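**Student:** This is target-v8.cif (mmCIF, C-alpha atoms).
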data_input
loop_
_atom_site.label_atom_id
_atom_site.label_comp_id
_atom_site.auth_asym_id
_atom_site.auth_seq_id
_atom_site.Cartn_x
_atom_site.Cartn_y
_atom_site.Cartn_z
CA MET A 1 -25.82 -47.97 25.15
CA PRO A 2 -28.50 -50.63 25.65
CA ILE A 3 -29.66 -52.65 22.68
CA GLN A 4 -32.93 -51.20 21.39
CA ASN A 5 -33.29 -53.01 18.08
CA GLU A 6 -36.25 -55.30 18.74
CA GLY A 7 -35.32 -57.62 15.91
CA LEU A 8 -31.84 -58.08 17.29
CA LEU A 9 -33.20 -58.67 20.79
CA ALA A 10 -35.52 -61.29 19.32
CA GLU A 11 -32.56 -62.98 17.63
CA MET A 12 -30.77 -63.11 20.97
CA GLU A 13 -33.60 -65.16 22.41
CA PHE A 14 -32.27 -68.06 20.33
CA ILE A 15 -29.10 -68.03 22.40
CA THR A 16 -29.75 -70.33 25.32
CA LYS A 17 -26.29 -70.73 26.83
CA PRO A 18 -25.79 -67.96 29.41
CA PHE A 19 -22.08 -67.49 28.73
CA GLU A 20 -22.75 -67.16 25.01
CA LEU A 21 -25.55 -64.71 25.58
CA ASP A 22 -23.28 -62.62 27.80
CA HIS A 23 -20.59 -62.70 25.12
CA ILE A 24 -22.97 -61.74 22.32
CA LYS A 25 -24.47 -58.94 24.40
CA SER A 26 -20.99 -57.65 25.10
CA LEU A 27 -20.41 -57.41 21.35
CA PHE A 28 -23.33 -55.03 20.94
CA GLU A 29 -23.49 -53.10 24.20
CA GLY A 30 -21.61 -49.88 23.75
CA THR A 31 -21.87 -49.95 19.99
CA ASP A 32 -24.01 -47.71 17.83
CA PRO A 33 -27.63 -48.63 16.95
CA LEU A 34 -26.65 -48.50 13.28
CA MET A 35 -24.32 -51.45 13.88
CA HIS A 36 -27.22 -53.30 15.54
CA ASP A 37 -29.32 -52.64 12.43
CA ILE A 38 -26.58 -53.99 10.16
CA ALA A 39 -26.21 -57.11 12.31
CA GLN A 40 -29.94 -57.77 12.52
CA ASN A 41 -30.42 -57.43 8.78
CA LEU A 42 -27.45 -59.69 8.12
CA ILE A 43 -28.93 -62.36 10.39
CA VAL A 44 -32.20 -62.40 8.45
CA GLY A 45 -30.34 -62.22 5.14
CA ASN A 46 -31.62 -58.84 4.00
CA ASN A 47 -28.73 -58.05 1.69
CA THR A 48 -30.22 -54.90 0.17
CA VAL A 49 -30.66 -53.32 3.59
CA VAL A 50 -27.15 -54.37 4.67
CA ASP A 51 -25.89 -52.76 1.45
CA THR A 52 -27.70 -49.50 2.23
CA LEU A 53 -26.78 -49.43 5.91
CA THR A 54 -23.11 -50.13 5.23
CA GLN A 55 -22.98 -47.22 2.82
CA LYS A 56 -24.69 -45.03 5.40
CA ALA A 57 -22.31 -46.09 8.13
CA LEU A 58 -19.28 -45.25 6.01
CA ALA A 59 -20.81 -41.92 5.02
CA ASP A 60 -21.45 -41.21 8.70
CA GLY A 61 -17.77 -41.75 9.45
CA PHE A 62 -17.73 -45.20 10.97
CA SER A 63 -14.50 -47.02 10.28
CA ALA A 64 -14.36 -50.18 8.19
CA ASN A 65 -13.03 -51.94 11.29
CA ASP A 66 -16.08 -50.88 13.31
CA ILE A 67 -18.54 -51.95 10.63
CA MET A 68 -16.86 -55.34 10.27
CA ASP A 69 -16.56 -56.05 13.98
CA ASP A 70 -19.67 -54.43 15.43
CA GLY A 71 -22.07 -55.03 12.55
CA LEU A 72 -21.17 -57.75 10.09
CA ILE A 73 -19.15 -60.21 12.18
CA ALA A 74 -21.21 -59.68 15.32
CA GLY A 75 -24.29 -60.58 13.28
CA MET A 76 -22.58 -63.60 11.76
CA ALA A 77 -21.72 -64.82 15.27
CA ILE A 78 -25.44 -65.08 16.02
CA VAL A 79 -26.03 -66.83 12.69
CA GLY A 80 -23.40 -69.39 13.71
CA ILE A 81 -25.11 -70.08 17.02
CA LYS A 82 -28.58 -70.37 15.45
CA PHE A 83 -27.18 -72.77 12.85
CA ARG A 84 -25.34 -74.89 15.39
CA ASP A 85 -28.50 -75.21 17.46
CA ASN A 86 -30.68 -76.10 14.41
CA TYR A 87 -32.83 -72.96 14.48
CA ILE A 88 -31.73 -72.31 10.90
CA PHE A 89 -30.15 -74.44 8.19
CA VAL A 90 -27.65 -74.19 5.36
CA PRO A 91 -29.85 -72.09 3.01
CA GLU A 92 -30.35 -69.46 5.71
CA VAL A 93 -26.60 -69.40 6.44
CA LEU A 94 -25.88 -68.82 2.76
CA VAL A 95 -28.42 -66.00 2.62
CA ALA A 96 -26.71 -64.37 5.60
CA ALA A 97 -23.36 -64.82 3.84
CA ARG A 98 -24.80 -63.05 0.80
CA ALA A 99 -25.81 -60.15 3.05
CA MET A 100 -22.31 -60.07 4.49
CA LYS A 101 -20.90 -59.91 0.98
CA ALA A 102 -23.17 -56.94 0.26
CA GLY A 103 -21.62 -55.07 3.16
CA MET A 104 -18.07 -56.18 2.45
CA ALA A 105 -18.37 -54.83 -1.09
CA TYR A 106 -17.96 -51.35 0.43
CA ILE A 107 -15.29 -52.40 2.92
CA GLU A 108 -12.98 -54.08 0.41
CA PRO A 109 -12.01 -50.91 -1.48
CA ILE A 110 -11.09 -49.29 1.83
CA LEU A 111 -8.97 -52.31 2.73
CA SER A 112 -7.23 -51.89 -0.59
CA GLU A 113 -6.71 -48.16 -0.02
CA SER A 114 -5.17 -49.05 3.33
CA GLY A 115 -2.66 -51.39 1.72
CA ILE A 116 -4.46 -54.57 2.73
CA ASP A 117 -4.57 -56.73 -0.37
CA PRO A 118 -6.72 -59.82 -0.80
CA VAL A 119 -5.06 -63.08 0.17
CA GLY A 120 -5.59 -64.25 -3.39
CA THR A 121 -8.08 -64.48 -6.20
CA VAL A 122 -10.08 -67.66 -6.71
CA ILE A 123 -12.21 -68.70 -9.67
CA ILE A 124 -14.73 -71.31 -8.63
CA GLY A 125 -17.61 -73.19 -10.19
CA THR A 126 -19.47 -76.46 -10.44
CA VAL A 127 -18.38 -78.33 -13.56
CA LYS A 128 -20.30 -78.81 -16.79
CA GLY A 129 -23.39 -80.97 -16.49
CA ASP A 130 -23.66 -80.57 -12.71
CA LEU A 131 -26.19 -78.32 -10.97
CA HIS A 132 -25.26 -79.06 -7.35
CA ASP A 133 -23.88 -75.96 -5.71
CA ILE A 134 -24.25 -76.00 -1.96
CA GLY A 135 -20.76 -77.30 -1.19
CA LYS A 136 -19.30 -74.79 -3.60
CA ASN A 137 -21.31 -71.98 -2.00
CA LEU A 138 -20.09 -72.91 1.46
CA CYS A 139 -16.50 -72.87 0.16
CA ILE A 140 -17.10 -69.43 -1.32
CA MET A 141 -18.45 -68.14 1.99
CA MET A 142 -15.39 -69.40 3.85
CA LEU A 143 -12.91 -68.23 1.22
CA ARG A 144 -14.36 -64.71 1.31
CA GLY A 145 -14.30 -64.80 5.08
CA ALA A 146 -10.61 -65.65 4.93
CA GLY A 147 -9.86 -62.62 2.76
CA PHE A 148 -9.90 -64.11 -0.73
CA VAL A 149 -11.56 -62.46 -3.70
CA VAL A 150 -13.81 -65.11 -5.20
CA HIS A 151 -15.43 -65.07 -8.61
CA ASP A 152 -18.30 -67.55 -8.65
CA LEU A 153 -19.10 -68.97 -12.07
CA GLY A 154 -22.13 -70.83 -10.73
CA VAL A 155 -23.14 -74.28 -11.93
CA ASP A 156 -22.79 -76.17 -15.23
CA THR A 157 -19.52 -74.38 -16.01
CA LYS A 158 -17.76 -75.26 -19.25
CA PRO A 159 -13.95 -75.51 -19.45
CA ASP A 160 -13.66 -72.40 -21.61
CA GLU A 161 -15.70 -70.43 -19.09
CA PHE A 162 -13.21 -71.35 -16.38
CA ILE A 163 -10.32 -70.38 -18.65
CA ASP A 164 -11.89 -67.05 -19.63
CA ALA A 165 -12.47 -66.17 -15.98
CA ILE A 166 -8.91 -67.09 -14.98
CA MET A 167 -7.59 -64.79 -17.69
CA GLU A 168 -10.04 -61.98 -17.01
CA HIS A 169 -9.34 -61.84 -13.29
CA ASP A 170 -5.68 -62.88 -13.42
CA ALA A 171 -6.51 -65.59 -10.90
CA HIS A 172 -3.95 -68.07 -9.67
CA ILE A 173 -6.33 -70.47 -7.98
CA LEU A 174 -9.15 -72.45 -9.58
CA GLY A 175 -11.71 -74.42 -7.59
CA MET A 176 -13.98 -76.97 -9.22
CA SER A 177 -16.85 -78.85 -7.63
CA ALA A 178 -18.81 -81.89 -8.73
CA LEU A 179 -21.34 -84.04 -6.94
CA LEU A 180 -22.01 -86.64 -9.60
CA THR A 181 -19.76 -89.46 -10.68
CA THR A 182 -20.95 -88.72 -14.21
CA THR A 183 -19.68 -85.13 -14.12
CA MET A 184 -16.44 -85.69 -12.18
CA PRO A 185 -14.50 -86.39 -15.40
CA ASN A 186 -15.27 -82.83 -16.53
CA MET A 187 -12.80 -81.65 -13.90
CA GLY A 188 -10.06 -83.56 -15.69
CA ARG A 189 -11.24 -82.23 -19.03
CA THR A 190 -11.05 -78.68 -17.69
CA ILE A 191 -7.50 -79.27 -16.47
CA GLU A 192 -6.59 -80.61 -19.90
CA ALA A 193 -8.12 -77.53 -21.52
CA ILE A 194 -6.06 -75.30 -19.21
CA GLU A 195 -2.94 -77.21 -20.24
CA GLU A 196 -3.82 -76.83 -23.91
CA VAL A 197 -3.91 -73.03 -23.65
CA GLY A 198 -0.58 -73.01 -21.82
CA MET A 199 -1.89 -71.74 -18.49
CA ARG A 200 -1.37 -74.81 -16.34
CA ASP A 201 1.76 -73.50 -14.62
CA ALA A 202 0.05 -70.21 -13.76
CA VAL A 203 -2.90 -71.63 -11.89
CA LYS A 204 -3.28 -74.03 -9.00
CA VAL A 205 -6.29 -76.30 -9.27
CA MET A 206 -8.25 -77.58 -6.28
CA VAL A 207 -11.21 -79.90 -6.54
CA GLY A 208 -13.94 -81.07 -4.20
CA GLY A 209 -17.28 -82.81 -4.02
CA ALA A 210 -18.88 -85.77 -2.32
CA PRO A 211 -17.82 -88.54 -4.74
CA LEU A 212 -14.21 -87.34 -5.06
CA SER A 213 -11.14 -88.64 -3.33
CA GLN A 214 -7.51 -87.64 -3.09
CA GLU A 215 -6.68 -90.51 -5.43
CA PHE A 216 -9.14 -89.30 -8.07
CA ALA A 217 -7.84 -85.73 -7.71
CA ASP A 218 -4.28 -86.97 -8.19
CA ASP A 219 -5.26 -89.04 -11.21
CA MET A 220 -6.85 -86.10 -12.99
CA GLY A 221 -3.86 -83.89 -12.24
CA ALA A 222 -5.37 -81.53 -9.67
CA ASP A 223 -3.01 -79.78 -7.24
CA GLY A 224 -5.27 -80.16 -4.23
CA TYR A 225 -8.35 -81.96 -2.96
CA GLY A 226 -10.66 -80.69 -0.24
CA GLY A 227 -13.21 -82.92 1.43
CA ASN A 228 -15.05 -79.99 3.00
CA ALA A 229 -15.14 -76.19 3.10
CA ILE A 230 -12.45 -75.96 5.80
CA GLU A 231 -10.03 -77.99 3.73
CA CYS A 232 -10.89 -75.89 0.70
CA VAL A 233 -9.81 -72.72 2.51
CA ASP A 234 -6.70 -74.32 3.94
CA ILE A 235 -5.60 -75.55 0.51
CA ALA A 236 -6.27 -72.14 -1.01
CA LYS A 237 -4.15 -70.55 1.72
CA VAL A 238 -1.30 -72.92 0.90
CA PHE A 239 -1.62 -72.06 -2.78
CA ALA A 240 -1.60 -68.36 -1.92
CA GLY A 241 1.53 -68.84 0.17
CA VAL A 242 0.02 -67.73 3.46
CA LYS A 243 -0.01 -71.18 5.05
CA SER A 244 2.39 -74.07 4.89
CA ALA A 245 1.21 -77.40 3.56
CA SER A 246 2.10 -79.10 6.84
CA ALA A 247 0.12 -76.55 8.84
CA ALA A 248 -2.88 -77.02 6.56
CA GLY A 249 -2.80 -80.74 7.18
CA SER A 250 -2.57 -80.37 10.93
CA ASP A 251 -5.65 -78.16 11.42
CA MET B 1 -16.78 -42.57 16.11
CA PRO B 2 -19.00 -40.98 13.50
CA LYS B 3 -18.15 -37.47 12.39
CA ASP B 4 -20.65 -34.88 11.31
CA GLN B 5 -20.05 -33.95 7.72
CA PRO B 6 -22.15 -32.66 4.84
CA SER B 7 -23.33 -35.55 2.71
CA GLU B 8 -22.43 -33.78 -0.55
CA GLU B 9 -18.72 -33.79 0.29
CA PRO B 10 -16.77 -36.86 -0.75
CA THR B 11 -16.37 -39.19 2.20
CA LYS B 12 -12.85 -39.63 3.47
CA HIS B 13 -12.63 -43.06 5.00
CA GLN B 14 -10.57 -43.80 8.04
CA PRO B 15 -7.70 -46.11 7.13
CA VAL B 16 -8.10 -49.68 8.23
CA ASP B 17 -6.21 -50.79 11.32
CA ARG B 18 -4.37 -53.81 9.94
CA SER B 19 -3.89 -55.69 13.20
CA ARG B 20 -7.53 -55.20 14.16
CA TYR B 21 -8.56 -56.34 10.67
CA GLU B 22 -6.43 -59.47 10.98
CA ALA B 23 -8.04 -60.23 14.34
CA SER B 24 -11.46 -59.77 12.74
CA ILE B 25 -10.62 -62.19 9.94
CA LEU B 26 -9.43 -64.75 12.48
CA ARG B 27 -12.67 -64.39 14.41
CA LEU B 28 -14.75 -64.77 11.26
CA ASP B 29 -12.69 -67.78 10.23
CA GLY B 30 -13.47 -69.35 13.61
CA ILE B 31 -17.21 -68.74 13.14
CA PHE B 32 -17.13 -70.26 9.66
CA ARG B 33 -15.09 -73.27 10.76
CA GLN B 34 -17.67 -74.05 13.39
CA MET B 35 -20.36 -73.64 10.75
CA SER B 36 -18.53 -76.09 8.49
CA ASP B 37 -18.48 -78.62 11.31
CA THR B 38 -22.21 -78.10 11.76
CA VAL B 39 -22.77 -78.61 8.03
CA ASN B 40 -20.97 -81.95 8.21
CA GLU B 41 -23.11 -83.01 11.16
CA VAL B 42 -26.51 -81.73 10.00
CA SER B 43 -26.02 -83.06 6.47
CA LYS B 44 -26.11 -86.59 7.89
CA TRP B 45 -29.82 -86.27 8.52
CA ARG B 46 -31.15 -83.25 6.69
CA CYS B 47 -30.78 -82.28 3.04
CA PRO B 48 -28.63 -79.12 2.88
CA TYR B 49 -30.91 -77.66 0.23
CA LYS B 50 -33.95 -77.80 2.57
CA ASN B 51 -34.53 -74.46 4.23
CA VAL B 52 -35.99 -73.69 7.63
CA GLU B 53 -39.49 -73.55 6.13
CA SER B 54 -38.99 -77.03 4.61
CA ARG B 55 -38.82 -75.57 1.12
CA CYS B 56 -36.35 -76.84 -1.45
CA THR B 57 -33.67 -74.37 -2.60
CA ALA B 58 -32.05 -76.75 -5.10
CA ASN B 59 -31.76 -75.80 -8.74
CA PHE B 60 -32.19 -79.42 -9.78
CA GLY B 61 -34.90 -82.04 -9.53
CA CYS B 62 -35.51 -84.21 -6.51
CA GLN B 63 -38.13 -86.87 -5.88
CA ASN B 64 -38.86 -85.26 -2.52
CA GLN B 65 -40.07 -82.06 -4.17
CA ASP B 66 -43.80 -81.39 -3.89
CA ARG B 67 -44.29 -79.21 -6.93
CA SER B 68 -47.93 -78.31 -6.24
CA VAL B 69 -47.10 -74.78 -5.19
CA PRO B 70 -47.99 -71.43 -6.77
CA GLU B 71 -45.64 -70.34 -9.54
CA GLY B 72 -42.58 -68.58 -8.21
CA GLU B 73 -42.65 -70.32 -4.83
CA LEU B 74 -40.02 -72.81 -3.80
CA PHE B 75 -41.11 -76.44 -3.94
CA ILE B 76 -42.08 -78.06 -0.65
CA CYS B 77 -39.65 -80.70 0.60
CA LYS B 78 -41.49 -83.91 1.47
CA SER B 79 -38.48 -85.59 3.06
CA ASP B 80 -39.01 -86.74 6.62
CA ASP B 81 -35.28 -86.42 7.31
CA ASN B 82 -35.08 -90.10 8.15
CA LEU B 83 -34.14 -91.38 4.70
CA ASP B 84 -30.96 -90.80 2.76
CA TYR B 85 -32.04 -87.74 0.81
CA ARG B 86 -29.24 -88.13 -1.73
CA SER B 87 -30.97 -91.10 -3.34
CA ALA B 88 -33.87 -88.80 -4.21
CA TRP B 89 -31.73 -86.28 -6.11
CA VAL B 90 -32.20 -86.36 -9.85
CA VAL B 91 -28.95 -87.10 -11.64
CA SER B 92 -30.10 -87.75 -15.20
CA ASN B 93 -32.32 -86.17 -17.81
CA ASP B 94 -34.59 -89.24 -17.83
CA GLN B 95 -35.31 -88.84 -14.13
CA GLN B 96 -35.93 -85.12 -14.61
CA THR B 97 -38.49 -85.85 -17.33
CA ASN B 98 -40.42 -88.09 -14.95
CA LEU B 99 -40.71 -85.25 -12.45
CA ASP B 100 -41.84 -82.59 -14.93
#
Please go through the file and, once you have read it, give me the structure as structure tokens.

**Tutor:**
Amino acid sequence: MPIQNEGLLAEMEFITKPFELDHIKSLFEGTDPLMHDIAQNLIVGNNTVVDTLTQKALADGFSANDIMDDGLIAGMAIVGIKFRDNYIFVPEVLVAARAMKAGMAYIEPILSESGIDPVGTVIIGTVKGDLHDIGKNLCIMMLRGAGFVVHDLGVDTKPDEFIDAIMEHDAHILGMSALLTTTMPNMGRTIEAIEEVGMRDAVKVMVGGAPLSQEFADDMGADGYGGNAIECVDIAKVFAGVKSASAAGSD
Amino acid sequence: MPKDQPSEEPTKHQPVDRSRYEASILRLDGIFRQMSDTVNEVSKWRCPYKNVESRCTANFGCQNQDRSVPEGELFICKSDDNLDYRSAWVVSNDQQTNLD
């Protein structure tokens, strides 16, 4: 079936490499127009429409696999190309990721019903006194993409808020972000607070942020340090037991 | 393929094909890893909070914010992308007061 969604066709005009255009077209040709609508709305970050269309697709009998592959991921592939070629920037990528999350909210229960459990549960936030969130948000996008359930506590997160969320969601991984040298010590204070309530052995702590280093992470007692979103996911996978530490380091 | 069914009946979802799901996750992971590489590259010259319309999406103050916009609109980013944008970010309450 040819692609008729004009918005999606317009998005494809951003793809200038012929082999990529052929590949992207092959993702959509032969798939239902509803999947094209989901993809196009994901690309422009229209999360409410992706929400509605995903519900409709499931009600119409499309499989979760089809919606993921032909709608959500196919759309995200175009987002990746537009981002790489500087047609869009980080904020637009994060808006598309939010739209993907809207769709995945309906897929995840079906995964669970099918015996596919999340890789792990992660609590994540920017520490107290710090309002910088873009690195954290990129980590969240990648963690969700890798199959983790992520509870985002946002910015300016106090130690007791981290602890409450760990308990509420029975999470075994905590991620903390800081961009300022003045707020970095609050990571250590949060770890101390976790120790004080006797939960330190139950949760692995990973930290990240521009001013941090492995040495600083070690000093404050963190279990892992990630210098970027890829490392964040790899560390979380090691903590969840789905990747060996040596493999994480070699990627 | 979609099945015709009355909307008032509870929807019975097709079970997920695990191997196909795992392949999907791998594909998505590949897309996101490339995006992360792009973030590292683009962030060398462009503030990651600056959107495609050169508006600032940050929840904190920055000296590059042109705040003369209608209420509710994102501030305009004045950065020319040639300077180190990080030095413009507000990191203390005193600096924030000067912007307000």

**Student:** Can you list, as JSON, numbers by chain, every protein, DNA or RNA residue that comes within 10 Å of B:Cys56 when you count only C-alpha atoms, leaving out same-chain residues fewer than 6 positions away?

**Tutor:** {"A": [91], "B": [47, 48, 49, 50, 62, 64, 65, 66, 67, 73, 74, 75, 76, 77, 78]}

**Student:** If the PyMOL selection byres ((chain B) within 8 of (chain A)) is run on the structure shown, which residues does it catch, given as a ChimeraX atom specification?

**Tutor:** /B:1-5,7,11,13-18,20-21,24-26,28-29,31-36,38-39,48-52,57-60,91

**Student:** Name the residues that the PyMOL selection byres ((chain A and resi 18-26) around 10) picks from the file above, as JSON, numbers by chain, using the file's chain letters and numbers.

**Tutor:** {"A": [2, 3, 9, 12, 13, 14, 15, 16, 17, 27, 28, 29, 30, 31, 74, 75, 77, 78, 81]}

**Student:** Write out, as a short mmCIF file (atom, residue, chain, number, x, y, z; two decimals), in the frame of the given file, the residues just selected, with C-alpha atoms.

**Tutor:**
data_model
loop_
_atom_site.label_atom_id
_atom_site.label_comp_id
_atom_site.auth_asym_id
_atom_site.auth_seq_id
_atom_site.Cartn_x
_atom_site.Cartn_y
_atom_site.Cartn_z
CA PRO A 2 -28.50 -50.63 25.65
CA ILE A 3 -29.66 -52.65 22.68
CA LEU A 9 -33.20 -58.67 20.79
CA MET A 12 -30.77 -63.11 20.97
CA GLU A 13 -33.60 -65.16 22.41
CA PHE A 14 -32.27 -68.06 20.33
CA ILE A 15 -29.10 -68.03 22.40
CA THR A 16 -29.75 -70.33 25.32
CA LYS A 17 -26.29 -70.73 26.83
CA LEU A 27 -20.41 -57.41 21.35
CA PHE A 28 -23.33 -55.03 20.94
CA GLU A 29 -23.49 -53.10 24.20
CA GLY A 30 -21.61 -49.88 23.75
CA THR A 31 -21.87 -49.95 19.99
CA ALA A 74 -21.21 -59.68 15.32
CA GLY A 75 -24.29 -60.58 13.28
CA ALA A 77 -21.72 -64.82 15.27
CA ILE A 78 -25.44 -65.08 16.02
CA ILE A 81 -25.11 -70.08 17.02
#

**Student:** If I take atom CA of A:Met220 and atom CA of A:Met184, how far is one from the other in Å, to one decimal?

**Tutor:** 9.6 Å

**Student:** If you measure from atom CA of A:Phe162 to atom CA of A:Ile194, what distance in Å do you get, rounded to one decimal?

**Tutor:**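 Those two atoms sit 8.6 Å apart.
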
**Student:** Might you pull out every residue within 12 Å of A:Ser213, with only C-alpha atoms counted and same-chain residues fewer than 4 positions away left off, and present them as a list in words?

**Tutor:**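 Close residues of A:Ser213: Ala178, Leu179, Thr181, Met184, Met206, Val207, Gly208, Gly209, Ala217, Asp218, Asp219, Met220, Ala222, Gly224, Tyr225, Gly226, Gly227 and Asn228 of chain A.
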
**Student:** Draw an axis-aligned box over all listed atoms of stretch 35-54 of chain A, pad each side with 4 Å, and write its centre and edge lengths in Å, one decimal, as AutoDock Vina command-line options.

**Tutor:**
--center_x -27.7 --center_y -55.9 --center_z 7.9 --size_x 17.1 --size_y 21.0 --size_z 23.4

**Student:** Is it possible to get the residues within 7 Å of (-34.0, -83.7, -4.0) (coordinates as in the file, counting only C-alpha atoms) written as an MDAnalysis selection string?

**Tutor:** chainID B and resid 61:65 85:86 88:90

**Student:** How would the residues just picked look written out with C-alpha atoms as a short mmCIF file (atom, residue, chain, number, x, y, z; two decimals), keeping the file's coordinate frame?

**Tutor:**
data_model
loop_
_atom_site.label_atom_id
_atom_site.label_comp_id
_atom_site.auth_asym_id
_atom_site.auth_seq_id
_atom_site.Cartn_x
_atom_site.Cartn_y
_atom_site.Cartn_z
CA GLY B 61 -34.90 -82.04 -9.53
CA CYS B 62 -35.51 -84.21 -6.51
CA GLN B 63 -38.13 -86.87 -5.88
CA ASN B 64 -38.86 -85.26 -2.52
CA GLN B 65 -40.07 -82.06 -4.17
CA TYR B 85 -32.04 -87.74 0.81
CA ARG B 86 -29.24 -88.13 -1.73
CA ALA B 88 -33.87 -88.80 -4.21
CA TRP B 89 -31.73 -86.28 -6.11
CA VAL B 90 -32.20 -86.36 -9.85
#

**Student:** What does the structure give for the distance between atom CA of A:Ala96 and atom CA of A:Gly125, in Å to one decimal?

**Tutor:** 20.2 Å

**Student:** Pick out the residues sitting within 8 Å of stretch 39-41 of chain A, and hand them over as a ChimeraX atom specification; count all atoms listed in the file, and ignore anything fewer than 3 positions along from it in its own chain.

**Tutor:** /A:7-8,11,35-36,44-47,49-50,70-76,99

**Student:** Which of these residues is nearest to A:Ala210, using all atoms listed in the file: B:Gly72, B:Ser43, B:Arg55, B:Asn82?

**Tutor:**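 Comparing B:Gly72, B:Ser43, B:Arg55, B:Asn82 against A:Ala210, the winner is B:Ser43.
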
**Student:** List, as a ChimeraX atom specification, every residue that the PyMOL selection byres ((chain A and resi 199) around 12) selects in the file provided.

**Tutor:** /A:162-164,166-167,170-174,190-198,200-205
